[in-house]
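Coordinates as given in target_11.cif (mmCIF, C-alpha atoms):
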```cif
data_structure
#
loop_
_atom_site.group_PDB
_atom_site.id
_atom_site.type_symbol
_atom_site.label_atom_id
_atom_site.label_comp_id
_atom_site.auth_asym_id
_atom_site.auth_seq_id
_atom_site.Cartn_x
_atom_site.Cartn_y
_atom_site.Cartn_z
ATOM 1 C CA MET A 1 62.693 55.169 34.555
ATOM 2 C CA SER A 2 58.959 55.215 34.047
ATOM 3 C CA ILE A 3 59.352 56.218 30.408
ATOM 4 C CA LEU A 4 61.451 53.086 29.829
ATOM 5 C CA PHE A 5 58.643 50.989 31.265
ATOM 6 C CA ASP A 6 56.132 52.820 29.081
ATOM 7 C CA ILE A 7 58.185 52.093 25.966
ATOM 8 C CA ALA A 8 58.591 48.410 26.908
ATOM 9 C CA ILE A 9 54.878 47.996 27.660
ATOM 10 C CA THR A 10 53.915 49.667 24.381
ATOM 11 C CA ALA A 11 56.379 47.531 22.434
ATOM 12 C CA PHE A 12 54.996 44.291 23.878
ATOM 13 C CA LEU A 13 51.411 45.405 23.199
ATOM 14 C CA ILE A 14 52.247 46.225 19.574
ATOM 15 C CA ILE A 15 54.102 42.925 19.068
ATOM 16 C CA SER A 16 51.172 40.988 20.468
ATOM 17 C CA GLY A 17 48.703 42.939 18.341
ATOM 18 C CA VAL A 18 50.691 42.241 15.175
ATOM 19 C CA PHE A 19 50.945 38.516 15.883
ATOM 20 C CA GLY A 20 47.273 38.268 16.797
ATOM 21 C CA LEU A 21 46.378 39.951 13.527
ATOM 22 C CA VAL A 22 48.693 37.704 11.479
ATOM 23 C CA GLY A 23 47.216 34.628 13.177
ATOM 24 C CA SER A 24 43.688 35.688 12.307
ATOM 25 C CA TYR A 25 44.719 36.580 8.747
ATOM 26 C CA GLY A 26 46.290 33.129 8.366
ATOM 27 C CA LEU A 27 43.001 31.587 9.394
ATOM 28 C CA ILE A 28 41.354 33.203 6.350
ATOM 29 C CA LYS A 29 44.223 32.951 3.903
ATOM 30 C CA LEU A 30 45.432 29.357 4.201
ATOM 31 C CA PRO A 31 43.726 26.922 1.833
ATOM 32 C CA ASP A 32 42.741 23.823 3.857
ATOM 33 C CA PRO A 33 41.586 23.024 7.425
ATOM 34 C CA MET A 34 44.807 21.325 8.548
ATOM 35 C CA SER A 35 46.945 24.267 7.408
ATOM 36 C CA ARG A 36 44.546 26.693 9.043
ATOM 37 C CA LEU A 37 45.204 24.983 12.371
ATOM 38 C CA HIS A 38 48.802 26.220 12.271
ATOM 39 C CA ALA A 39 48.025 29.927 12.293
ATOM 40 C CA PRO A 40 45.987 30.122 15.514
ATOM 41 C CA THR A 41 48.038 27.554 17.495
ATOM 42 C CA LYS A 42 51.258 29.502 16.963
ATOM 43 C CA ALA A 43 50.846 33.136 16.086
ATOM 44 C CA THR A 44 48.338 33.498 18.897
ATOM 45 C CA THR A 45 50.732 32.130 21.539
ATOM 46 C CA LEU A 46 53.080 35.063 21.062
ATOM 47 C CA GLY A 47 50.082 37.365 20.639
ATOM 48 C CA VAL A 48 48.661 36.467 24.037
ATOM 49 C CA GLY A 49 52.168 36.141 25.546
ATOM 50 C CA GLY A 50 52.971 39.738 24.603
ATOM 51 C CA VAL A 51 49.844 41.094 26.300
ATOM 52 C CA LEU A 52 50.641 39.089 29.428
ATOM 53 C CA ILE A 53 54.243 40.353 29.627
ATOM 54 C CA ALA A 54 52.951 43.906 29.121
ATOM 55 C CA SER A 55 50.424 43.346 31.894
ATOM 56 C CA MET A 56 53.122 42.087 34.303
ATOM 57 C CA LEU A 57 55.352 45.054 33.513
ATOM 58 C CA HIS A 58 52.413 47.393 34.061
ATOM 59 C CA ALA A 59 51.702 45.834 37.458
ATOM 60 C CA ILE A 60 55.339 46.304 38.491
ATOM 61 C CA ALA A 61 55.750 49.835 37.127
ATOM 62 C CA VAL A 62 52.393 51.422 37.928
ATOM 63 C CA GLU A 63 50.930 49.488 40.842
ATOM 64 C CA GLY A 64 54.284 48.617 42.353
ATOM 65 C CA GLN A 65 53.504 44.958 42.971
ATOM 66 C CA VAL A 66 54.429 41.684 41.331
ATOM 67 C CA SER A 67 51.505 39.920 39.679
ATOM 68 C CA LEU A 68 51.899 36.240 38.873
ATOM 69 C CA HIS A 69 48.428 35.661 37.432
ATOM 70 C CA GLU A 70 49.887 36.136 33.982
ATOM 71 C CA LEU A 71 52.343 33.265 34.397
ATOM 72 C CA LEU A 72 49.412 30.999 35.197
ATOM 73 C CA ILE A 73 47.513 32.136 32.117
ATOM 74 C CA THR A 74 50.605 31.333 30.039
ATOM 75 C CA LEU A 75 50.839 27.919 31.673
ATOM 76 C CA PHE A 76 47.176 27.100 31.057
ATOM 77 C CA LEU A 77 47.440 28.353 27.485
ATOM 78 C CA LEU A 78 50.504 26.204 26.798
ATOM 79 C CA ILE A 79 48.661 23.186 28.184
ATOM 80 C CA THR A 80 45.317 23.715 26.450
ATOM 81 C CA ALA A 81 46.332 24.978 22.983
ATOM 82 C CA PRO A 82 47.913 21.684 21.818
ATOM 83 C CA ILE A 83 44.953 19.688 23.132
ATOM 84 C CA THR A 84 42.416 21.815 21.253
ATOM 85 C CA ALA A 85 44.515 21.571 18.093
ATOM 86 C CA ASN A 86 44.770 17.809 18.538
ATOM 87 C CA PHE A 87 40.989 17.439 18.904
ATOM 88 C CA ILE A 88 40.274 19.529 15.800
ATOM 89 C CA ALA A 89 42.895 17.561 13.862
ATOM 90 C CA LYS A 90 41.412 14.238 14.991
ATOM 91 C CA ALA A 91 37.893 15.307 14.033
ATOM 92 C CA HIS A 92 39.189 16.331 10.612
ATOM 93 C CA LEU A 93 41.108 13.070 10.103
ATOM 94 C CA HIS A 94 38.108 11.070 11.218
ATOM 95 C CA ARG A 95 35.672 12.682 8.806
ATOM 96 C CA HIS A 96 37.721 13.631 5.760
ATOM 97 C CA VAL A 97 40.949 11.624 5.514
ATOM 98 C CA GLU A 98 41.196 8.027 4.320
ATOM 99 C CA ARG A 99 43.760 5.510 5.538
ATOM 100 C CA ASP A 100 45.789 5.550 2.325
ATOM 101 C CA GLN A 101 46.265 9.324 2.417
ATOM 102 C CA LEU A 102 48.340 9.076 5.591
ATOM 103 C CA PRO A 103 51.903 7.781 5.972
ATOM 104 C CA ASP A 104 52.530 4.311 7.335
ATOM 105 C CA ALA A 105 51.978 3.971 11.083
ATOM 106 C CA ALA A 106 54.895 1.567 11.532
ATOM 107 C CA PRO A 107 55.594 -0.222 13.834
ATOM 108 C CA ASP A 108 51.825 -0.351 14.580
ATOM 109 C CA ASP A 109 48.937 -1.258 12.265
ATOM 110 C CA CYS A 110 47.137 2.050 11.744
ATOM 111 C CA TRP A 111 46.466 5.488 13.214
ATOM 112 C CA ALA A 112 44.161 5.658 16.209
ATOM 113 C CA VAL A 113 41.367 7.495 14.343
ATOM 114 C CA HIS A 114 41.072 4.597 11.909
ATOM 115 C CA ASP A 115 41.141 1.940 14.598
ATOM 116 C CA ILE A 116 37.355 1.574 14.598
ATOM 117 C CA GLU A 117 34.825 -0.829 13.197
ATOM 118 C CA PRO A 118 33.221 0.409 9.979
ATOM 119 C CA PHE A 119 29.789 1.909 10.608
ATOM 120 C CA GLN A 120 26.861 -0.032 9.162
ATOM 121 C CA ALA A 121 23.405 1.478 9.021
ATOM 122 C CA GLY A 122 20.919 -0.531 11.061
ATOM 123 C CA ALA A 123 23.560 -2.703 12.720
ATOM 124 C CA GLU A 124 23.425 -3.247 16.474
ATOM 125 C CA PRO A 125 26.017 -1.130 18.244
ATOM 126 C CA SER A 126 28.896 -3.336 19.331
ATOM 127 C CA THR A 127 29.041 -3.904 23.070
ATOM 128 C CA GLU A 128 32.718 -4.843 23.002
ATOM 129 C CA THR A 129 35.073 -1.998 23.669
ATOM 130 C CA THR A 130 37.640 -1.729 20.926
ATOM 131 C CA LYS A 131 40.991 -0.905 22.353
ATOM 132 C CA MET B 1 52.903 1.413 51.787
ATOM 133 C CA SER B 2 53.596 4.069 54.390
ATOM 134 C CA LEU B 3 50.994 6.447 55.764
ATOM 135 C CA PHE B 4 52.729 9.366 54.060
ATOM 136 C CA HIS B 5 52.374 7.757 50.649
ATOM 137 C CA ARG B 6 48.772 6.856 51.290
ATOM 138 C CA LEU B 7 47.918 10.440 52.256
ATOM 139 C CA PHE B 8 50.047 11.989 49.514
ATOM 140 C CA PRO B 9 50.028 9.637 46.525
ATOM 141 C CA HIS B 10 51.768 12.307 44.428
ATOM 142 C CA PRO B 11 53.872 14.626 46.631
ATOM 143 C CA LEU B 12 55.113 16.652 43.656
ATOM 144 C CA LEU B 13 51.558 17.220 42.455
ATOM 145 C CA THR B 14 50.622 18.413 45.939
ATOM 146 C CA VAL B 15 53.433 20.980 45.904
ATOM 147 C CA LEU B 16 52.527 22.057 42.363
ATOM 148 C CA LEU B 17 48.819 22.489 43.170
ATOM 149 C CA THR B 18 49.622 24.539 46.280
ATOM 150 C CA VAL B 19 51.855 26.869 44.254
ATOM 151 C CA VAL B 20 49.237 27.170 41.478
ATOM 152 C CA TRP B 21 46.559 28.000 44.060
ATOM 153 C CA LEU B 22 48.730 30.700 45.639
ATOM 154 C CA MET B 23 49.349 32.211 42.219
ATOM 155 C CA MET B 24 45.636 32.070 41.386
ATOM 156 C CA VAL B 25 44.502 33.977 44.464
ATOM 157 C CA ASN B 26 47.511 36.286 43.934
ATOM 158 C CA GLU B 27 47.728 36.812 47.677
ATOM 159 C CA TYR B 28 50.549 35.381 49.736
ATOM 160 C CA THR B 29 49.113 34.830 53.205
ATOM 161 C CA ILE B 30 49.078 31.893 55.616
ATOM 162 C CA ASN B 31 45.349 31.682 55.008
ATOM 163 C CA SER B 32 45.584 30.988 51.278
ATOM 164 C CA LEU B 33 48.614 28.749 51.830
ATOM 165 C CA LEU B 34 46.634 26.531 54.208
ATOM 166 C CA PHE B 35 43.584 26.410 51.959
ATOM 167 C CA GLY B 36 45.750 25.697 48.918
ATOM 168 C CA PHE B 37 47.491 22.900 50.797
ATOM 169 C CA LEU B 38 44.119 21.473 51.818
ATOM 170 C CA LEU B 39 42.952 21.405 48.185
ATOM 171 C CA ALA B 40 46.309 20.017 47.061
ATOM 172 C CA THR B 41 45.897 17.163 49.533
ATOM 173 C CA ILE B 42 42.301 16.341 48.645
ATOM 174 C CA ILE B 43 42.638 16.482 44.846
ATOM 175 C CA PRO B 44 45.500 13.960 44.409
ATOM 176 C CA PHE B 45 43.891 11.755 47.072
ATOM 177 C CA ALA B 46 40.469 11.770 45.381
ATOM 178 C CA THR B 47 41.884 11.176 41.890
ATOM 179 C CA ARG B 48 44.587 8.677 42.861
ATOM 180 C CA SER B 49 42.901 5.740 41.115
ATOM 181 C CA TYR B 50 43.393 7.514 37.765
ATOM 182 C CA TRP B 51 47.144 7.881 38.349
ATOM 183 C CA PRO B 52 48.240 4.440 39.443
ATOM 184 C CA GLN B 53 51.909 5.120 38.715
ATOM 185 C CA ARG B 54 54.000 8.029 39.766
ATOM 186 C CA PRO B 55 55.797 9.540 36.760
ATOM 187 C CA LYS B 56 59.494 9.482 37.480
ATOM 188 C CA LEU B 57 61.647 12.513 36.815
ATOM 189 C CA ARG B 58 65.087 11.086 36.336
ATOM 190 C CA ASN B 59 66.788 14.374 35.641
ATOM 191 C CA PRO B 60 64.989 17.458 37.048
ATOM 192 C CA LEU B 61 67.722 19.883 35.935
ATOM 193 C CA MET B 62 67.128 18.915 32.307
ATOM 194 C CA VAL B 63 63.538 20.173 32.714
ATOM 195 C CA VAL B 64 64.814 23.755 32.962
ATOM 196 C CA GLU B 65 66.919 23.338 29.828
ATOM 197 C CA PHE B 66 63.979 21.738 28.001
ATOM 198 C CA ILE B 67 61.603 24.590 28.962
ATOM 199 C CA LEU B 68 64.103 27.232 27.815
ATOM 200 C CA VAL B 69 64.695 25.441 24.485
ATOM 201 C CA VAL B 70 60.936 25.112 23.929
ATOM 202 C CA LEU B 71 60.175 28.747 24.855
ATOM 203 C CA TRP B 72 62.866 29.929 22.451
ATOM 204 C CA ASP B 73 61.497 27.634 19.733
ATOM 205 C CA ILE B 74 57.965 28.957 20.313
ATOM 206 C CA VAL B 75 59.164 32.511 19.631
ATOM 207 C CA ILE B 76 60.999 31.355 16.494
ATOM 208 C CA ALA B 77 57.938 29.305 15.467
ATOM 209 C CA ASN B 78 55.713 32.343 15.710
ATOM 210 C CA ILE B 79 57.988 34.394 13.483
ATOM 211 C CA THR B 80 58.430 31.562 10.957
ATOM 212 C CA VAL B 81 54.711 30.895 10.687
ATOM 213 C CA ALA B 82 53.897 34.611 10.522
ATOM 214 C CA ARG B 83 56.353 35.003 7.624
ATOM 215 C CA LEU B 84 54.920 31.983 5.811
ATOM 216 C CA VAL B 85 51.377 33.307 6.250
ATOM 217 C CA LEU B 86 52.234 36.822 5.085
ATOM 218 C CA PHE B 87 54.761 36.307 2.300
ATOM 219 C CA GLN B 88 54.223 32.901 0.739
ATOM 220 C CA ARG B 89 51.672 32.243 -1.975
ATOM 221 C CA ASN B 90 49.215 29.460 -1.197
ATOM 222 C CA ALA B 91 50.335 27.558 -4.299
ATOM 223 C CA ASP B 92 53.889 27.291 -2.923
ATOM 224 C CA PHE B 93 52.918 25.545 0.323
ATOM 225 C CA ARG B 94 53.980 21.909 0.573
ATOM 226 C CA PRO B 95 51.852 20.597 3.450
ATOM 227 C CA ALA B 96 52.575 16.990 4.432
ATOM 228 C CA TYR B 97 51.763 14.374 7.026
ATOM 229 C CA ILE B 98 54.817 12.741 8.540
ATOM 230 C CA SER B 99 55.092 9.763 10.828
ATOM 231 C CA ILE B 100 57.448 9.927 13.803
ATOM 232 C CA PRO B 101 58.393 6.563 15.317
ATOM 233 C CA LEU B 102 58.753 6.966 19.083
ATOM 234 C CA GLU B 103 61.496 5.716 21.360
ATOM 235 C CA LEU B 104 59.738 7.154 24.408
ATOM 236 C CA LYS B 105 57.645 4.730 26.402
ATOM 237 C CA SER B 106 56.041 6.633 29.266
ATOM 238 C CA PRO B 107 52.673 8.263 28.484
ATOM 239 C CA GLU B 108 53.670 11.499 30.243
ATOM 240 C CA ALA B 109 56.755 11.895 28.071
ATOM 241 C CA ILE B 110 54.778 11.207 24.883
ATOM 242 C CA THR B 111 52.138 13.767 25.922
ATOM 243 C CA VAL B 112 54.788 16.423 26.517
ATOM 244 C CA LEU B 113 56.435 15.613 23.178
ATOM 245 C CA ALA B 114 53.094 15.854 21.338
ATOM 246 C CA GLY B 115 52.333 19.206 22.976
ATOM 247 C CA THR B 116 55.801 20.512 22.185
ATOM 248 C CA ILE B 117 55.495 19.524 18.536
ATOM 249 C CA THR B 118 52.212 21.412 18.272
ATOM 250 C CA MET B 119 53.701 24.584 19.772
ATOM 251 C CA THR B 120 56.815 24.642 17.560
ATOM 252 C CA PRO B 121 57.580 25.586 13.926
ATOM 253 C CA GLY B 122 54.853 24.667 11.449
ATOM 254 C CA THR B 123 53.981 21.289 12.963
ATOM 255 C CA VAL B 124 50.793 20.040 14.639
ATOM 256 C CA THR B 125 50.482 16.633 16.296
ATOM 257 C CA SER B 126 47.362 15.093 14.790
ATOM 258 C CA ASP B 127 47.179 11.550 16.073
ATOM 259 C CA THR B 128 48.986 8.600 17.592
ATOM 260 C CA SER B 129 49.142 5.120 16.106
ATOM 261 C CA ASN B 130 46.715 2.608 17.576
ATOM 262 C CA LYS B 131 49.256 1.119 19.986
ATOM 263 C CA GLY B 132 51.062 4.352 20.737
ATOM 264 C CA HIS B 133 54.416 3.751 19.057
ATOM 265 C CA SER B 134 54.366 6.637 16.601
ATOM 266 C CA LEU B 135 52.949 10.126 16.221
ATOM 267 C CA LEU B 136 51.224 11.555 13.159
ATOM 268 C CA VAL B 137 52.382 15.123 12.583
ATOM 269 C CA HIS B 138 51.021 17.605 10.063
ATOM 270 C CA CYS B 139 53.525 20.085 8.635
ATOM 271 C CA LEU B 140 52.452 23.416 7.221
ATOM 272 C CA HIS B 141 55.390 23.650 4.849
ATOM 273 C CA ALA B 142 57.596 20.601 4.496
ATOM 274 C CA PRO B 143 59.904 20.635 1.485
ATOM 275 C CA ASP B 144 62.003 18.013 3.311
ATOM 276 C CA PRO B 145 59.875 15.864 5.681
ATOM 277 C CA ASP B 146 62.814 13.679 6.785
ATOM 278 C CA ALA B 147 64.739 16.701 8.079
ATOM 279 C CA ILE B 148 61.752 17.765 10.213
ATOM 280 C CA ARG B 149 61.415 14.260 11.636
ATOM 281 C CA ASP B 150 65.122 14.099 12.502
ATOM 282 C CA GLU B 151 65.022 17.540 14.125
ATOM 283 C CA ILE B 152 62.077 16.595 16.352
ATOM 284 C CA LYS B 153 63.832 13.376 17.348
ATOM 285 C CA THR B 154 67.170 14.957 18.189
ATOM 286 C CA ARG B 155 65.943 18.257 19.632
ATOM 287 C CA TYR B 156 62.993 17.216 21.791
ATOM 288 C CA GLU B 157 62.733 13.458 22.032
ATOM 289 C CA ARG B 158 66.356 13.007 23.096
ATOM 290 C CA ARG B 159 65.931 15.553 25.926
ATOM 291 C CA LEU B 160 62.618 14.066 27.061
ATOM 292 C CA LYS B 161 64.205 10.631 27.091
ATOM 293 C CA GLU B 162 66.874 11.939 29.434
ATOM 294 C CA ILE B 163 64.251 13.601 31.655
ATOM 295 C CA PHE B 164 61.740 10.785 31.943
ATOM 296 C CA GLU B 165 63.490 7.503 31.142
#
```

Could you write out this structure as C-alpha cells?
Amino acid sequence: MSILFDIAITAFLIISGVFGLVGSYGLIKLPDPMSRLHAPTKATTLGVGGVLIASMLHAIAVEGQVSLHELLITLFLLITAPITANFIAKAHLHRHVERDQLPDAAPDDCWAVHDIEPFQAGAEPSTETTK
Amino acid sequence: MSLFHRLFPHPLLTVLLTVVWLMMVNEYTINSLLFGFLLATIIPFATRSYWPQRPKLRNPLMVVEFILVVLWDIVIANITVARLVLFQRNADFRPAYISIPLELKSPEAITVLAGTITMTPGTVTSDTSNKGHSLLVHCLHAPDPDAIRDEIKTRYERRLKEIFE
C-alpha cells in the first residue's frame, strides 16, 4: 500500500516539476510581453497544483491525517493568478499599445485603459473623476 | 430590514469565511470554530458598505458543474500551452487580441468569466471596455479568433448566465 502512495507522490512531484520548468522556459522563449504572460499563468498552475496534491497524499500516507491547507493554497492561487495577469496586461496596454492596434470595443466606445484624458506636460491635474 | 440581515449582511460569505478559517488553522476544534465565526461576523459587517447588493446564486448546482469543467480545462490548458512553448517555432505563433461582447450583467459573473478565461487555453483577459460590455482577450495562438470567441461564449458564459442571472 505504501509503495503505491510513494509512486503517486513521486509522479505528482515530477509532473509539477516538468510544468514549472516549461513555464519558466516559456518566459524566456516567447517573443513579446503579452505572449510571455501565458506561460506563467498556466503552466505554473499545474506545476504548483502537482506539488500540493503530492503534499496532501504525503500527509495522508505518512502522517495519517488529512491536511486541507493545500486546498486553500489552490483556491488563493486560482483567485490571485488572473488578477496579477490582468494588472500586468493593463500596464502593458497602457504604456505600449495604441487604440488602433486593438479590436473594436463595441458596443462601448473604447477599452478602459484608453478611457483617460491625454497627459499634457505642465497642465493642472484634473479634479474631475473620469468614470 | 430584519435584525438577522443587519447582523449578517452576507450569510453565505459568513459561512465561507468560517470554513476558510477552519482550513487555515488546520485544526477542527470548537475553539477555532468560534473564533472563525467571530471573524466571519465582523468582516462582512465592517465591509458591508462596499457590497451594497447581495450576489444572487440562481442555480447553486450548476456551480459544481462549472468548477469541474474549469478544472478539467485548466489541465488541458496547461498541456496545450506547454506543447506550444516546447514544440512551436516563435515565427509560427499567431497572437491576437479579440473582443468578446458580454451578455452577462452582474459584476460578479463578469469577474468570474474574466478569471476563467485567464486560466484556460492560451487566453488572458487584458481589459474591459469603458462601460463594461465587452472583454479584451489576448490569445497566444489564434489561427481562428472567431472560434475562440464562440467557444468562450458557449462554454463559460452560458453556464455563468445560468448560475448568476

**Request:** Run the PyMOL selection byres ((chain B and resi 97) around 10) on the file and write out the hits as a PyMOL selection string.
**Result:** (chain A and resi 34+101-103) or (chain B and resi 95-96+98-100+123-126+136-140+142+145)

**Asked** Which residues match the PyMOL selection byres ((chain A) within 8 of (chain B)) in the file above, as a count of residues only?
**Response** 44

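Atom CA of B:Glu108 to atom CA of B:Thr47 spans 16.6 Å [interatomic distance, one decimal].
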
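If you look at atom CA of B:Phe164 and atom CA of B:Ala147, they are 24.8 Å away from each other.
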
**Request:** Give me the result of the PyMOL selection byres ((chain A and resi 57) around 12) on this file, residue by residue, as a count of residues only.
**Result:** 30

**Request:** Quote the spacing between atom CA of B:Trp51 and atom CA of A:Ile88 in Å to one decimal place.
**Result:**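 Computed distance, atom CA of B:Trp51 to atom CA of A:Ile88, equals 26.3 Å.
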
**Message:** Applying 9 Å and all atoms listed in the file, which residues near B:Arg159 remain after dropping the ones on its own chain fewer than 6 positions away? List them as a VMD selection string.
**Reply:** chain B and resid 62 to 63 65 to 66

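For B:Val19, the list of residues within 10 Å, based on all atoms listed in the file and with local chain neighbours fewer than 5 positions off taken out, reads B:Leu13, B:Thr14, B:Met24, B:Leu33, B:Gly36, B:Phe37, B:Ala40.
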
Please fill the gaps in stretch 49-63 of chain A so it has N, CA, C and O atoms, and write that as a PDB file, in the frame of the given file.
```pdb
ATOM      1  N   GLY A  49      50.981  36.000  24.706  1.00  0.00           N
ATOM      2  CA  GLY A  49      52.168  36.141  25.546  1.00  0.00           C
ATOM      3  C   GLY A  49      52.595  37.591  25.683  1.00  0.00           C
ATOM      4  O   GLY A  49      52.926  38.047  26.780  1.00  0.00           O
ATOM      5  N   GLY A  50      52.575  38.338  24.579  1.00  0.00           N
ATOM      6  CA  GLY A  50      52.971  39.738  24.603  1.00  0.00           C
ATOM      7  C   GLY A  50      52.086  40.564  25.522  1.00  0.00           C
ATOM      8  O   GLY A  50      52.589  41.359  26.333  1.00  0.00           O
ATOM      9  N   VAL A  51      50.767  40.360  25.426  1.00  0.00           N
ATOM     10  CA  VAL A  51      49.844  41.094  26.300  1.00  0.00           C
ATOM     11  C   VAL A  51      50.143  40.771  27.752  1.00  0.00           C
ATOM     12  O   VAL A  51      50.143  41.661  28.618  1.00  0.00           O
ATOM     13  N   LEU A  52      50.409  39.493  28.041  1.00  0.00           N
ATOM     14  CA  LEU A  52      50.641  39.089  29.428  1.00  0.00           C
ATOM     15  C   LEU A  52      51.917  39.703  29.989  1.00  0.00           C
ATOM     16  O   LEU A  52      51.943  40.170  31.123  1.00  0.00           O
ATOM     17  N   ILE A  53      52.999  39.727  29.156  1.00  0.00           N
ATOM     18  CA  ILE A  53      54.243  40.353  29.627  1.00  0.00           C
ATOM     19  C   ILE A  53      53.994  41.841  29.869  1.00  0.00           C
ATOM     20  O   ILE A  53      54.409  42.396  30.895  1.00  0.00           O
ATOM     21  N   ALA A  54      53.265  42.488  28.944  1.00  0.00           N
ATOM     22  CA  ALA A  54      52.951  43.906  29.121  1.00  0.00           C
ATOM     23  C   ALA A  54      52.175  44.115  30.418  1.00  0.00           C
ATOM     24  O   ALA A  54      52.450  45.054  31.181  1.00  0.00           O
ATOM     25  N   SER A  55      51.230  43.229  30.688  1.00  0.00           N
ATOM     26  CA  SER A  55      50.424  43.346  31.894  1.00  0.00           C
ATOM     27  C   SER A  55      51.275  43.203  33.156  1.00  0.00           C
ATOM     28  O   SER A  55      51.105  43.938  34.134  1.00  0.00           O
ATOM     29  N   MET A  56      52.249  42.253  33.141  1.00  0.00           N
ATOM     30  CA  MET A  56      53.122  42.087  34.303  1.00  0.00           C
ATOM     31  C   MET A  56      53.983  43.322  34.511  1.00  0.00           C
ATOM     32  O   MET A  56      54.160  43.798  35.639  1.00  0.00           O
ATOM     33  N   LEU A  57      54.528  43.844  33.407  1.00  0.00           N
ATOM     34  CA  LEU A  57      55.352  45.054  33.513  1.00  0.00           C
ATOM     35  C   LEU A  57      54.533  46.206  34.069  1.00  0.00           C
ATOM     36  O   LEU A  57      54.995  46.977  34.910  1.00  0.00           O
ATOM     37  N   HIS A  58      53.285  46.321  33.609  1.00  0.00           N
ATOM     38  CA  HIS A  58      52.413  47.393  34.061  1.00  0.00           C
ATOM     39  C   HIS A  58      52.169  47.280  35.558  1.00  0.00           C
ATOM     40  O   HIS A  58      52.223  48.283  36.287  1.00  0.00           O
ATOM     41  N   ALA A  59      51.945  46.038  36.026  1.00  0.00           N
ATOM     42  CA  ALA A  59      51.702  45.834  37.458  1.00  0.00           C
ATOM     43  C   ALA A  59      52.920  46.266  38.273  1.00  0.00           C
ATOM     44  O   ALA A  59      52.795  46.879  39.322  1.00  0.00           O
ATOM     45  N   ILE A  60      54.130  45.941  37.762  1.00  0.00           N
ATOM     46  CA  ILE A  60      55.339  46.304  38.491  1.00  0.00           C
ATOM     47  C   ILE A  60      55.541  47.819  38.474  1.00  0.00           C
ATOM     48  O   ILE A  60      55.788  48.452  39.501  1.00  0.00           O
ATOM     49  N   ALA A  61      55.389  48.423  37.286  1.00  0.00           N
ATOM     50  CA  ALA A  61      55.750  49.835  37.127  1.00  0.00           C
ATOM     51  C   ALA A  61      54.714  50.760  37.742  1.00  0.00           C
ATOM     52  O   ALA A  61      55.054  51.745  38.393  1.00  0.00           O
ATOM     53  N   VAL A  62      53.426  50.479  37.519  1.00  0.00           N
ATOM     54  CA  VAL A  62      52.393  51.422  37.928  1.00  0.00           C
ATOM     55  C   VAL A  62      51.849  51.109  39.318  1.00  0.00           C
ATOM     56  O   VAL A  62      51.749  51.983  40.170  1.00  0.00           O
ATOM     57  N   GLU A  63      51.520  49.813  39.551  1.00  0.00           N
ATOM     58  CA  GLU A  63      50.930  49.488  40.842  1.00  0.00           C
ATOM     59  C   GLU A  63      51.977  49.105  41.877  1.00  0.00           C
ATOM     60  O   GLU A  63      51.678  48.965  43.064  1.00  0.00           O
TER      61      GLU A  63
END
```
